[in-house]
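Written out below as structure tokens is the structure these notes cover.
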Amino acid sequence: MGYIHCCSGYRLSKTYAIEPENNYAYAQIDFLEECPVCGHCVIQLTKIDKKNNISICRKTNLKAKALYNKLKSKIIYEKDKEYFCTNRKSNFYLYYNEFGKKKKCYSNLSTMKLGLFENKN
């Protein structure tokens, strides 16, 4: 499942892999039956050619349904939902030297004072 941008937000859509044409290496369609805000039907066809150039075609309402019915026979499979972990926490700390003492930076890098040494003179 993918996302389509509609009505100032990303809407969850069905994603299908389709057979690419002879000049293209990859093709997929994202189909949103009905936007929850405006009620439009949206389809987005994304194709990548052999030189890694991306071409996108986007249709709404009646043209979207006609394009979906036309491409229905070329669908290979439906892509499953991809799960992403959004609450990743890193165990990496930036060690830095402040007044000759080794410290860990836990948060804001802009508040650090790097390379400071005490001057007793």
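Just remember, in the structure tokens the first chain shown is A, the second B, etc., residues are 1-based per chain, and ligands are 1-based in the order shown.
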Tell me which protein, DNA and RNA residues are within 12 Å of Gln44 in chain A, counting only C-alpha atoms, leaving out same-chain ones fewer than 2 positions away, and put them as a PDB file with C-alpha atoms, in the first residue's frame.
```pdb
ATOM      1  CA  GLY A   2       1.218   3.443  -0.848  1.00  0.00           C
ATOM      2  CA  TYR A   3       0.205   7.033  -0.333  1.00  0.00           C
ATOM      3  CA  ILE A   4      -1.283   9.620  -2.676  1.00  0.00           C
ATOM      4  CA  HIS A   5      -1.175  13.332  -1.879  1.00  0.00           C
ATOM      5  CA  CYS A   6      -4.708  14.739  -1.980  1.00  0.00           C
ATOM      6  CA  SER A  13      -4.005   3.931  -1.404  1.00  0.00           C
ATOM      7  CA  LYS A  14      -3.727   0.510  -3.021  1.00  0.00           C
ATOM      8  CA  THR A  15      -0.496  -0.062  -4.920  1.00  0.00           C
ATOM      9  CA  TYR A  16      -0.212  -2.440  -7.850  1.00  0.00           C
ATOM     10  CA  ALA A  27       5.857   0.597 -13.534  1.00  0.00           C
ATOM     11  CA  GLN A  28       3.312   0.839 -10.736  1.00  0.00           C
ATOM     12  CA  ILE A  29      -0.074   2.405 -10.090  1.00  0.00           C
ATOM     13  CA  ASP A  30      -1.438   3.875  -6.870  1.00  0.00           C
ATOM     14  CA  PHE A  31      -5.241   3.871  -6.715  1.00  0.00           C
ATOM     15  CA  LEU A  32      -7.332   5.827  -4.218  1.00  0.00           C
ATOM     16  CA  GLU A  33     -11.007   4.952  -4.635  1.00  0.00           C
ATOM     17  CA  CYS A  41     -11.159   9.094  -7.130  1.00  0.00           C
ATOM     18  CA  VAL A  42      -7.416   9.439  -7.830  1.00  0.00           C
ATOM     19  CA  THR A  46       4.599   5.946 -12.018  1.00  0.00           C
ATOM     20  CA  LYS A  47       7.057   4.624 -14.592  1.00  0.00           C
ATOM     21  CA  SER A  55       7.492   9.862 -15.346  1.00  0.00           C
ATOM     22  CA  ILE A  56       4.272  10.343 -13.402  1.00  0.00           C
ATOM     23  CA  CYS A  57       0.730  10.497 -14.759  1.00  0.00           C
ATOM     24  CA  ARG A  58      -2.087  11.503 -12.405  1.00  0.00           C
ATOM     25  CA  LYS A  59      -5.817  11.384 -13.168  1.00  0.00           C
ATOM     26  CA  THR A  60      -8.919  12.104 -11.091  1.00  0.00           C
ATOM     27  CA  ASN A  61     -12.585  11.085 -11.095  1.00  0.00           C
ATOM     28  CA  LYS A  63     -10.627   9.668 -16.167  1.00  0.00           C
ATOM     29  CA  ALA A  64      -9.064   7.841 -13.202  1.00  0.00           C
ATOM     30  CA  LYS A  65     -11.680   5.087 -13.288  1.00  0.00           C
ATOM     31  CA  LEU A  67      -7.487   4.464 -16.756  1.00  0.00           C
ATOM     32  CA  TYR A  68      -7.799   1.922 -13.927  1.00  0.00           C
ATOM     33  CA  LEU A  71      -4.730  -1.072 -16.837  1.00  0.00           C
TER      34      LEU A  71
END
```
Residues within 8 Å of Ile48 in chain A, only C-alpha atoms, excluding chain neighbours under 5 positions, as a list in words: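 Listed by chain and then number, they are Tyr24, Ala25, Tyr26, Ala27, Asn53, Ile54 and Ser55 of chain A.
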File dump, residues just selected, C-alpha atoms, as a PDB file, in the first residue's frame:
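Writing done, so here's result.pdb:
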```pdb
ATOM      1  CA  TYR A  24      10.480   1.138 -19.207  1.00  0.00           C
ATOM      2  CA  ALA A  25      12.152  -0.916 -16.488  1.00  0.00           C
ATOM      3  CA  TYR A  26       9.488  -0.501 -13.767  1.00  0.00           C
ATOM      4  CA  ALA A  27       5.857   0.597 -13.534  1.00  0.00           C
ATOM      5  CA  ASN A  53      14.092   8.937 -15.444  1.00  0.00           C
ATOM      6  CA  ILE A  54      10.751   9.004 -13.624  1.00  0.00           C
ATOM      7  CA  SER A  55       7.492   9.862 -15.346  1.00  0.00           C
TER       8      SER A  55
END
```
Residue with smallest distance to Ala66 in chain A - pool A:Ile43, A:Leu12, A:Glu78, A:Glu34, counting only C-alpha atoms: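 Once distances to Ala66 in chain A are computed over only C-alpha atoms, the minimum belongs to A:Ile43.
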